[in-house]
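my_file_27.txt (compact mmCIF, C-alpha atoms)
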# COMPACT_ATOMS: atom_id res chain seq x y z
CA MET A 13 345.79 51.45 234.31
CA THR A 14 346.09 49.42 237.50
CA PRO A 15 346.79 51.24 240.78
CA LYS A 16 350.27 49.75 240.91
CA ILE A 17 351.31 51.09 237.51
CA ARG A 18 349.74 54.41 238.38
CA LEU A 19 351.77 54.63 241.57
CA LEU A 20 354.92 53.70 239.67
CA VAL A 21 354.32 56.44 237.10
CA PHE A 22 353.69 58.87 239.93
CA LEU A 23 356.88 57.93 241.74
CA ILE A 24 358.99 58.34 238.59
CA GLY A 25 357.41 61.72 237.99
CA ALA A 26 357.71 62.80 241.61
CA ILE A 27 361.39 61.88 241.82
CA GLY A 28 362.06 63.69 238.54
CA LEU A 29 360.15 66.76 239.64
CA GLY A 30 361.82 66.72 243.05
CA ALA A 31 365.30 66.58 241.53
CA VAL A 32 364.69 69.40 239.03
CA TYR A 33 362.86 71.49 241.63
CA CYS A 34 365.60 71.13 244.25
CA ALA A 35 368.25 72.06 241.70
CA GLY A 36 366.21 75.13 240.80
CA ALA A 37 365.39 76.13 244.36
CA ARG A 38 369.07 76.06 245.35
CA ASN A 39 369.73 78.97 243.05
CA MET A 40 366.79 81.02 244.31
CA PRO A 41 367.55 83.95 246.60
CA ALA A 42 367.70 82.65 250.17
CA TRP A 43 364.47 82.78 252.12
CA ALA A 44 363.68 86.10 253.88
CA GLU A 45 366.10 87.96 251.62
CA TYR A 46 363.65 89.39 249.13
CA ARG A 47 365.45 91.34 246.42
CA GLY A 48 362.60 93.14 244.69
CA PRO A 49 362.31 95.31 242.74
CA TYR A 50 358.59 95.26 241.84
CA GLY A 51 357.20 94.87 245.36
CA ASP A 52 359.41 97.68 246.67
CA VAL A 53 358.56 100.00 243.79
CA ILE A 54 354.81 99.54 244.22
CA ALA A 55 354.97 99.66 248.02
CA SER A 56 356.72 103.01 247.88
CA LEU A 57 354.52 104.43 245.09
CA ALA A 58 350.97 103.26 245.87
CA VAL A 59 350.35 105.71 248.69
CA PHE A 60 351.42 108.68 246.55
CA GLU A 61 350.06 107.56 243.19
CA ARG A 62 346.72 106.12 244.33
CA HIS A 63 346.19 107.55 247.83
CA ALA A 64 345.53 104.00 249.04
CA THR A 65 347.18 102.83 252.25
CA ASP A 66 346.53 99.12 251.64
CA THR A 67 349.07 98.35 248.93
CA VAL A 68 347.78 94.82 248.42
CA ASN A 69 344.35 96.09 247.39
CA ALA A 70 345.83 98.90 245.31
CA ILE A 71 347.53 96.15 243.30
CA THR A 72 344.51 93.83 243.22
CA TYR A 73 341.92 96.40 242.15
CA ASP A 74 344.06 98.90 240.25
CA TYR A 75 347.56 97.98 239.07
CA ARG A 76 346.40 94.51 238.03
CA GLY A 77 342.68 95.34 238.00
CA PHE A 78 342.24 93.78 234.58
CA ASP A 79 343.47 90.39 235.84
CA THR A 80 341.20 90.61 238.86
CA LEU A 81 338.29 91.24 236.50
CA GLY A 82 339.14 87.95 234.82
CA GLU A 83 339.34 86.17 238.18
CA GLU A 84 335.99 87.68 239.11
CA PHE A 85 334.52 86.08 236.01
CA ILE A 86 336.08 82.72 236.98
CA LEU A 87 334.19 83.04 240.25
CA PHE A 88 331.04 84.02 238.40
CA SER A 89 331.16 81.15 235.94
CA ALA A 90 332.07 78.61 238.63
CA VAL A 91 329.00 79.60 240.64
CA THR A 92 326.86 79.50 237.50
CA GLY A 93 328.21 76.00 236.91
CA VAL A 94 327.28 74.89 240.43
CA MET A 95 323.75 76.20 239.99
CA LEU A 96 323.45 74.58 236.59
CA LEU A 97 324.65 71.20 237.84
CA LEU A 98 322.57 71.14 241.01
CA ARG A 99 319.34 72.48 239.52
CA PRO A 100 316.36 70.21 240.09
CA GLU A 101 315.20 68.38 236.99
CA LYS A 102 311.91 69.55 235.56
CA GLY A 103 309.74 66.65 236.66
CA GLU A 104 311.45 66.54 240.00
CA GLN A 105 310.72 70.20 240.63
CA LYS A 106 307.02 69.79 239.92
CA LYS A 107 306.76 66.81 242.23
CA ARG A 108 308.54 68.69 244.99
CA ASN A 109 306.34 71.73 244.65
CA GLU A 110 303.25 69.59 244.99
CA GLU A 111 304.72 67.95 248.05
CA ASN A 112 305.47 71.32 249.57
CA ASN A 113 301.94 72.48 248.97
CA GLN A 114 300.50 69.40 250.56
CA ASN A 115 302.86 69.56 253.48
CA PRO A 116 304.08 73.10 254.08
CA GLN A 117 305.90 71.99 257.23
CA SER A 118 308.18 69.69 255.30
CA PHE A 119 311.07 72.17 255.29
CA GLN A 120 310.77 72.93 259.00
CA ASP A 121 313.38 71.34 261.19
CA ALA A 122 311.88 69.13 263.82
CA ALA A 123 314.28 69.67 266.69
CA ALA A 124 313.73 72.73 268.86
CA LEU A 125 316.85 74.82 269.37
CA SER A 126 318.08 76.16 272.64
CA GLU A 127 317.06 79.78 273.14
CA THR A 128 320.63 80.78 273.94
CA VAL A 129 321.77 79.69 270.49
CA GLN A 130 318.89 81.53 268.86
CA VAL A 131 319.45 84.82 270.72
CA PHE A 132 323.19 84.88 270.16
CA THR A 133 323.20 83.91 266.50
CA THR A 134 320.37 86.33 265.69
CA ALA A 135 322.31 89.09 267.40
CA LEU A 136 325.43 88.07 265.47
CA PHE A 137 323.51 88.30 262.19
CA GLY A 138 323.44 92.10 262.17
CA PHE A 139 326.97 92.28 263.42
CA SER A 140 328.41 90.08 260.69
CA VAL A 141 326.56 91.98 257.94
CA LEU A 142 327.87 95.27 259.32
CA PHE A 143 331.38 93.88 259.75
CA GLY A 144 331.35 92.49 256.20
CA VAL A 145 330.22 95.82 254.76
CA TYR A 146 332.93 97.58 256.76
CA ILE A 147 335.64 95.22 255.53
CA ALA A 148 334.46 95.47 251.90
CA THR A 149 334.20 99.26 251.81
CA HIS A 150 337.50 99.94 253.64
CA GLY A 151 339.60 97.76 251.34
CA GLN A 152 341.71 100.69 250.21
CA LEU A 153 342.69 101.64 253.76
CA THR A 154 343.15 98.55 255.92
CA PRO A 155 343.56 94.80 255.36
CA GLY A 156 340.42 93.35 253.85
CA GLY A 157 338.57 94.28 250.70
CA GLY A 158 335.77 92.93 248.59
CA PHE A 159 336.68 89.25 248.59
CA GLN A 160 337.03 89.02 252.38
CA GLY A 161 334.06 91.27 253.15
CA GLY A 162 331.82 89.34 250.78
CA VAL A 163 332.60 86.04 252.49
CA ILE A 164 331.78 87.57 255.89
CA ILE A 165 328.43 88.90 254.60
CA ALA A 166 327.63 85.50 253.11
CA ALA A 167 328.18 83.92 256.53
CA ALA A 168 325.28 85.91 257.98
CA PRO A 169 322.40 83.92 256.39
CA MET A 170 324.13 80.74 257.56
CA LEU A 171 323.92 82.02 261.13
CA LEU A 172 320.21 82.45 260.58
CA TYR A 173 320.07 78.89 259.30
CA ILE A 174 321.65 77.72 262.55
CA ALA A 175 319.41 79.89 264.72
CA GLU A 176 316.04 79.50 263.04
CA ASN A 177 315.28 76.93 260.38
CA THR A 178 315.67 76.24 256.72
CA ASP A 179 312.59 78.29 255.87
CA ALA A 180 314.04 81.44 257.39
CA PHE A 181 317.24 80.85 255.44
CA ARG A 182 315.29 80.32 252.23
CA ARG A 183 313.29 83.51 252.70
CA ILE A 184 316.45 85.57 253.22
CA VAL A 185 318.28 84.16 250.20
CA SER A 186 315.16 84.32 248.00
CA HIS A 187 316.68 83.44 244.70
CA PRO A 188 316.01 86.17 242.12
CA ILE A 189 317.40 89.02 244.23
CA VAL A 190 320.61 87.21 245.14
CA GLU A 191 321.06 86.13 241.52
CA PHE A 192 320.54 89.72 240.44
CA PHE A 193 323.17 90.99 242.90
CA GLU A 194 325.67 88.41 241.72
CA GLY A 195 325.43 89.56 238.12
CA PHE A 196 325.11 93.19 239.18
CA GLY A 197 328.36 93.12 241.20
CA ALA A 198 330.30 91.45 238.40
CA SER A 199 329.01 93.76 235.66
CA LEU A 200 329.45 96.92 237.73
CA TYR A 201 333.16 96.08 238.00
CA ALA A 202 333.39 96.03 234.20
CA LEU A 203 331.27 99.19 233.93
CA ILE A 204 333.66 101.04 236.26
CA GLY A 205 336.35 100.11 233.76
CA PHE A 206 334.36 101.86 231.04
CA ILE A 207 334.38 105.15 233.01
CA ALA A 208 338.04 105.40 232.06
CA LEU A 209 337.18 104.90 228.36
CA VAL A 210 334.72 107.81 228.53
CA ALA A 211 337.46 109.93 230.09
CA GLY A 212 339.77 108.98 227.20
CA ALA A 213 342.08 106.68 229.17
CA PRO A 214 342.73 102.93 228.77
CA PHE A 215 340.23 100.44 230.24
CA LEU A 216 340.13 100.32 234.07
CA THR A 217 342.43 103.32 234.52
CA ASN A 218 341.90 104.99 237.88
CA VAL A 219 340.48 108.28 236.59
CA LEU A 220 338.20 109.21 239.49
CA PRO A 221 339.32 111.90 241.97
CA LEU A 222 341.77 110.33 244.42
CA GLY A 223 340.64 112.26 247.51
CA GLN A 224 342.55 112.52 250.74
CA THR A 225 344.71 109.59 251.81
CA GLY A 226 343.14 107.75 254.73
CA ASP A 227 339.60 108.85 253.90
CA VAL A 228 336.91 106.24 253.10
CA PHE A 229 336.08 108.02 249.84
CA SER A 230 339.69 108.14 248.67
CA SER A 231 341.78 106.25 246.12
CA GLY A 232 339.35 106.68 243.19
CA THR A 233 338.11 103.42 241.71
CA ILE A 234 339.85 101.10 244.21
CA GLY A 235 337.23 101.48 246.94
CA LEU A 236 334.39 101.32 244.41
CA ILE A 237 335.63 98.14 242.77
CA SER A 238 336.30 96.58 246.17
CA THR A 239 332.67 97.22 247.14
CA CYS A 240 331.38 95.73 243.86
CA VAL A 241 333.50 92.64 244.37
CA GLY A 242 332.09 92.40 247.90
CA VAL A 243 328.53 92.39 246.53
CA GLU A 244 329.38 89.73 243.98
CA VAL A 245 331.30 87.44 246.32
CA ALA A 246 328.59 87.66 248.99
CA ALA A 247 325.85 86.78 246.48
CA ALA A 248 327.97 84.01 244.93
CA PHE A 249 328.68 82.29 248.25
CA ILE A 250 325.06 82.58 249.38
CA LEU A 251 323.95 80.97 246.10
CA VAL A 252 326.42 78.11 246.43
CA THR A 253 325.42 77.32 250.04
CA TYR A 254 321.75 77.54 249.11
CA GLU A 255 322.18 75.10 246.22
CA TYR A 256 324.03 72.60 248.38
CA LEU A 257 321.52 72.93 251.20
CA ARG A 258 318.66 72.27 248.83
CA GLU A 259 320.46 69.24 247.45
CA ILE A 260 321.00 67.83 250.95
CA LEU A 261 317.41 68.51 252.04
CA SER A 262 315.82 66.92 248.98
CA ARG A 263 318.06 63.87 249.45
CA GLU A 264 317.03 63.56 253.10
CA ARG A 265 313.37 63.73 252.14
CA ASP A 266 313.84 61.08 249.49
CA GLN A 267 315.38 58.81 252.10
CA GLU A 268 312.57 59.39 254.56
CA ARG A 269 310.02 58.18 252.08
CA MET B 223 369.56 73.77 252.52
CA LEU B 224 368.05 75.67 255.45
CA ASP B 225 368.19 78.93 253.50
CA HIS B 226 365.57 77.61 251.14
CA TYR B 227 363.42 75.36 253.28
CA PRO B 228 360.02 77.08 252.54
CA TYR B 229 360.52 76.24 248.87
CA TYR B 230 360.99 72.58 249.76
CA VAL B 231 357.94 72.70 252.02
CA ALA B 232 355.90 74.00 249.05
CA ALA B 233 357.16 71.14 246.85
CA TRP B 234 356.37 68.62 249.60
CA ILE B 235 352.77 69.88 249.95
CA PHE B 236 352.41 69.79 246.16
CA LEU B 237 353.59 66.18 246.00
CA CYS B 238 351.34 65.20 248.93
CA GLY B 239 348.33 66.56 247.06
CA LEU B 240 349.40 64.84 243.85
CA TYR B 241 349.90 61.55 245.67
CA GLY B 242 346.40 61.94 247.11
CA ILE B 243 344.96 62.37 243.63
CA VAL B 244 346.88 59.40 242.24
CA ARG B 245 345.88 57.05 245.07
CA SER B 246 342.34 58.38 245.41
CA ARG B 247 339.49 55.91 245.77
CA HIS B 248 336.74 58.46 246.37
CA LEU B 249 335.94 61.52 244.26
CA VAL B 250 335.51 63.80 247.28
CA HIS B 251 338.97 62.69 248.40
CA THR B 252 340.27 63.62 244.93
CA VAL B 253 338.82 67.12 245.22
CA ILE B 254 340.26 67.67 248.71
CA SER B 255 343.65 66.45 247.46
CA LEU B 256 343.46 69.06 244.71
CA ALA B 257 342.77 71.72 247.36
CA ILE B 258 345.83 70.60 249.32
CA LEU B 259 347.91 70.61 246.15
CA GLN B 260 346.86 74.18 245.51
CA THR B 261 347.83 75.41 248.97
CA SER B 262 351.45 74.75 248.01
CA THR B 263 351.28 77.83 245.79
CA TYR B 264 350.46 79.96 248.82
CA VAL B 265 353.55 78.77 250.66
CA LEU B 266 355.72 79.29 247.58
CA LEU B 267 354.41 82.79 246.79
CA LEU B 268 354.57 84.06 250.36
CA ALA B 269 358.06 82.60 250.82
CA ILE B 270 359.26 84.46 247.73
CA GLY B 271 357.89 87.77 248.95
CA PHE B 272 358.99 87.51 252.57
CA ARG B 273 361.77 89.67 253.92
CA LYS B 274 363.34 89.56 257.35
CA GLY B 275 362.08 92.47 259.45
CA GLY B 276 359.71 93.58 256.70
CA TYR B 277 356.44 95.15 257.77
CA ALA B 278 353.02 94.28 256.34
CA PRO B 279 352.49 96.45 253.22
CA ILE B 280 349.67 98.45 254.84
CA PHE B 281 350.61 102.09 255.25
CA ALA B 282 347.65 103.04 257.44
CA ASP B 283 349.81 103.08 260.55
CA ILE B 284 353.39 103.08 259.27
CA SER B 285 355.02 105.87 257.33
CA PRO B 286 355.64 105.44 253.59
CA GLY B 287 359.19 104.39 252.89
CA VAL B 288 359.31 101.75 255.63
CA VAL B 289 360.67 98.46 254.32
CA THR B 290 357.80 95.98 253.77
CA VAL B 291 357.34 92.48 252.41
CA ASP B 292 356.33 92.13 248.76
CA PRO B 293 352.66 93.15 248.27
CA VAL B 294 352.51 91.79 244.69
CA VAL B 295 352.61 88.11 245.66
CA GLN B 296 350.08 88.78 248.44
CA ALA B 297 347.67 90.29 245.91
CA LEU B 298 348.13 87.22 243.69
CA MET B 299 347.29 84.95 246.62
CA LEU B 300 344.25 86.93 247.70
CA THR B 301 342.20 86.28 244.59
CA ASP B 302 343.51 82.74 244.40
CA VAL B 303 341.96 81.81 247.74
CA VAL B 304 338.42 82.82 246.79
CA VAL B 305 338.62 81.35 243.29
CA GLU B 306 339.91 78.07 244.75
CA VAL B 307 336.90 77.77 247.04
CA THR B 308 334.37 78.30 244.25
CA VAL B 309 336.18 75.95 241.90
CA ILE B 310 336.07 73.29 244.63
CA ALA B 311 332.34 73.97 245.01
CA LEU B 312 331.96 73.38 241.26
CA LEU B 313 333.98 70.16 241.41
CA LEU B 314 331.93 68.87 244.35
CA ALA B 315 328.74 69.61 242.40
CA MET B 316 330.21 67.49 239.59
CA VAL B 317 330.86 64.71 242.11
CA VAL B 318 327.20 64.84 243.18
CA LYS B 319 326.09 64.54 239.56
CA ALA B 320 328.60 61.79 238.80
CA TYR B 321 327.19 59.82 241.72
CA GLU B 322 323.64 60.37 240.47
CA GLN B 323 324.51 59.29 236.94
CA GLY B 324 326.87 56.42 237.63
CA GLY B 325 325.96 55.40 241.16
CA THR B 326 329.61 55.42 242.18
CA THR B 327 332.07 57.80 243.80
CA SER B 328 335.21 55.92 242.84
CA PRO B 329 337.39 57.54 240.17
CA ASN B 330 338.30 54.03 238.98
CA ASP B 331 334.69 53.29 238.06
CA LEU B 332 334.18 56.35 235.87
CA ARG B 333 334.96 54.40 232.70
CA TYR B 334 331.39 54.68 231.52
CA MET B 335 332.12 58.36 230.82
CA ARG B 336 334.19 57.42 227.80
CA GLY B 337 332.92 59.46 224.84

Same coordinates, now as structure tokens:
Amino acid sequence: MTPKIRLLVFLIGAIGLGAVYCAGARNMPAWAEYRGPYGDVIASLAVFERHATDTVNAITYDYRGFDTLGEEFILFSAVTGVMLLLRPEKGEQKKRNEENNQNPQSFQDAAALSETVQVFTTALFGFSVLFGVYIATHGQLTPGGGFQGGVIIAAAPMLLYIAENTDAFRRIVSHPIVEFFEGFGASLYALIGFIALVAGAPFLTNVLPLGQTGDVFSSGTIGLISTCVGVEVAAAFILVTYEYLREILSRERDQER
Amino acid sequence: MLDHYPYYVAAWIFLCGLYGIVRSRHLVHTVISLAILQTSTYVLLLAIGFRKGGYAPIFADISPGVVTVDPVVQALMLTDVVVEVTVIALLLAMVVKAYEQGGTTSPNDLRYMRG
């Protein structure tokens, strides 16, 4: 198909879609006049039913917890796919290992960094880990939750990469442990679902004690699942950045030779 | 017309992304276009759930019973954002491999992939 024909097909489709869409949108409720009822029902019930003040997370990890489990596995398999695609080939790996043994400095970055950058980013490392843990474990109370907290935690090793060098980054994200945590977080989510089966309720029912509203240890499984998702997302993002970094570095070294 | 403008904005972003994919001459450009296309769903979902004067559906500092915007569509969006990022990471890894195998990053030159 030549680009011209492709554009023509696109234009026909776009005009058709635009016409049907506009006709449909005209009959939607006007913007900013939400009619409900589902959002209103859940917003008024979540605090009493689940003792969770963040309704969004009560929905994500409880009311539609089963769907989120599926999305979690999308994340898991996408990261597995990235690792599978970017893995070094067998011969390549051997050659690289030999090179590293001969020249252990090969991963060191040549340029010296300013001390200001090093001090500030190293100080930020602890802060971002702490902040990420806080966001992930308080998902049931305030905006945040496992997905957001996990991304913040995963940013911490990247700060170290900026401040120190690739070696420091590699030591921190030493593969087997991060891989373990990725699988651990994902499977713990499913295992929490099985608690309900033991208690005689359907899968992923919130059967744990709900506690006092506003407390960190409240809302039963919501806080627990949020923390598990945080562990998994953090490990997943660290793995993805590590794989890409390795790909870039090996390419740079190939070019230098 | 003005009553519904966020819906039209969503359609416009969708078509921009689709146009980017159709006219793409570089695989990374194709992937970024897909990301733009997907952001249209955020605009659409949030526009559906928005309500004038509605509070954020977090009851940590407002009393239950206060009128809020729809939390359901926000929960749908939340997982979507993270999944989108990892799927894009997967697609970019495919681009890297396609370049290694075929030596090209142009979607037009991927004909060798025919089964």

### Ile204 in chain A environment, 12 Å, all atoms listed in the file, sequence neighbours closer than 5 positions dropped, as number ranges by chain
A: 73-74, 77-78, 81, 196-199, 209-211, 214-220, 232-241

### Query
So what do you get for CA of Ala168 in chain A versus CA of Ser140 in chain A, distance-wise?
5.9 Å

### Task
For CA of Thr308 in chain B and CA of Leu266 in chain B, determine how far apart the two atoms are, in Å to one decimal place.
21.6 Å

### Task
Using CA of Ala31 in chain A and CA of Arg273 in chain B as the two end points, give the distance in Å to one decimal.
26.4 Å

Proximity of chain B to chain A: per-residue shortest pair, 8 Å limit, only C-alpha atoms, as JSON lines:
{"residue": "B:Met223", "atom": "CA", "partner": "A:Arg38", "partner_atom": "CA", "distance": 7.5}
{"residue": "B:Asp225", "atom": "CA", "partner": "A:Ala42", "partner_atom": "CA", "distance": 5.0}
{"residue": "B:His226", "atom": "CA", "partner": "A:Trp43", "partner_atom": "CA", "distance": 5.4}
{"residue": "B:Tyr227", "atom": "CA", "partner": "A:Trp43", "partner_atom": "CA", "distance": 7.6}
{"residue": "B:Pro228", "atom": "CA", "partner": "A:Trp43", "partner_atom": "CA", "distance": 7.2}
{"residue": "B:Tyr229", "atom": "CA", "partner": "A:Ala37", "partner_atom": "CA", "distance": 6.6}
{"residue": "B:Tyr230", "atom": "CA", "partner": "A:Cys34", "partner_atom": "CA", "distance": 7.3}
{"residue": "B:Ala233", "atom": "CA", "partner": "A:Gly30", "partner_atom": "CA", "distance": 7.5}
{"residue": "B:Leu237", "atom": "CA", "partner": "A:Ala26", "partner_atom": "CA", "distance": 6.9}
{"residue": "B:Tyr241", "atom": "CA", "partner": "A:Phe22", "partner_atom": "CA", "distance": 7.4}
{"residue": "B:Val244", "atom": "CA", "partner": "A:Leu19", "partner_atom": "CA", "distance": 6.9}
{"residue": "B:Arg245", "atom": "CA", "partner": "A:Leu19", "partner_atom": "CA", "distance": 7.3}
{"residue": "B:Ala269", "atom": "CA", "partner": "A:Trp43", "partner_atom": "CA", "distance": 6.5}
{"residue": "B:Ile270", "atom": "CA", "partner": "A:Tyr46", "partner_atom": "CA", "distance": 6.7}
{"residue": "B:Gly271", "atom": "CA", "partner": "A:Tyr46", "partner_atom": "CA", "distance": 6.0}
{"residue": "B:Phe272", "atom": "CA", "partner": "A:Ala44", "partner_atom": "CA", "distance": 5.1}
{"residue": "B:Arg273", "atom": "CA", "partner": "A:Ala44", "partner_atom": "CA", "distance": 4.0}
{"residue": "B:Lys274", "atom": "CA", "partner": "A:Ala44", "partner_atom": "CA", "distance": 4.9}
{"residue": "B:Pro279", "atom": "CA", "partner": "A:Thr67", "partner_atom": "CA", "distance": 5.8}
{"residue": "B:Ile280", "atom": "CA", "partner": "A:Asp66", "partner_atom": "CA", "distance": 4.5}
{"residue": "B:Phe281", "atom": "CA", "partner": "A:Thr65", "partner_atom": "CA", "distance": 4.6}
{"residue": "B:Ala282", "atom": "CA", "partner": "A:Thr65", "partner_atom": "CA", "distance": 5.2}
{"residue": "B:Pro286", "atom": "CA", "partner": "A:Ser56", "partner_atom": "CA", "distance": 6.3}
{"residue": "B:Gly287", "atom": "CA", "partner": "A:Ser56", "partner_atom": "CA", "distance": 5.8}
{"residue": "B:Val289", "atom": "CA", "partner": "A:Asp52", "partner_atom": "CA", "distance": 7.8}
{"residue": "B:Thr290", "atom": "CA", "partner": "A:Ala55", "partner_atom": "CA", "distance": 7.4}
{"residue": "B:Val291", "atom": "CA", "partner": "A:Gly51", "partner_atom": "CA", "distance": 7.4}
{"residue": "B:Asp292", "atom": "CA", "partner": "A:Gly51", "partner_atom": "CA", "distance": 4.5}
{"residue": "B:Pro293", "atom": "CA", "partner": "A:Val68", "partner_atom": "CA", "distance": 5.2}
{"residue": "B:Val294", "atom": "CA", "partner": "A:Gly51", "partner_atom": "CA", "distance": 5.7}
{"residue": "B:Gln296", "atom": "CA", "partner": "A:Val68", "partner_atom": "CA", "distance": 6.5}
{"residue": "B:Ala297", "atom": "CA", "partner": "A:Val68", "partner_atom": "CA", "distance": 5.2}
{"residue": "B:Leu298", "atom": "CA", "partner": "A:Thr72", "partner_atom": "CA", "distance": 7.6}
{"residue": "B:Leu300", "atom": "CA", "partner": "A:Phe159", "partner_atom": "CA", "distance": 8.0}
{"residue": "B:Thr301", "atom": "CA", "partner": "A:Glu83", "partner_atom": "CA", "distance": 7.0}
{"residue": "B:Val304", "atom": "CA", "partner": "A:Phe159", "partner_atom": "CA", "distance": 6.9}
{"residue": "B:Val305", "atom": "CA", "partner": "A:Leu87", "partner_atom": "CA", "distance": 5.6}
{"residue": "B:Thr308", "atom": "CA", "partner": "A:Ala90", "partner_atom": "CA", "distance": 6.1}
{"residue": "B:Val309", "atom": "CA", "partner": "A:Ala90", "partner_atom": "CA", "distance": 5.9}
{"residue": "B:Ala311", "atom": "CA", "partner": "A:Val94", "partner_atom": "CA", "distance": 6.9}
{"residue": "B:Leu312", "atom": "CA", "partner": "A:Val94", "partner_atom": "CA", "distance": 5.0}
{"residue": "B:Ala315", "atom": "CA", "partner": "A:Val94", "partner_atom": "CA", "distance": 5.8}
{"residue": "B:Met316", "atom": "CA", "partner": "A:Leu97", "partner_atom": "CA", "distance": 6.9}
{"residue": "B:Lys319", "atom": "CA", "partner": "A:Leu97", "partner_atom": "CA", "distance": 7.0}

#### Entry: Residues within 6 Å of (337.3, 60.2, 240.5), file coords, only C-alpha atoms, listed as a list in words
Leu249, Ser328 and Pro329 of chain B

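Using all atoms listed in the file for every distance, the candidate list B:Ile258, B:Ile284, B:Val265, B:Val231 yields B:Ile258 as the residue closest to Ile243 in chain B.
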
### For Glu176 in chain A, the nearest of the candidates A:Ile147, A:Ala208, A:Leu125, A:Leu257, counting only C-alpha atoms
A:Leu125

### Task
Tell me which protein, DNA and RNA residues are within 9 Å of Ile254 in chain B, counting all atoms listed in the file, leaving out same-chain ones fewer than 2 positions away, and put them as an NGL selection string.
:B and (239 or 242-243 or 249-252 or 256-259 or 310)
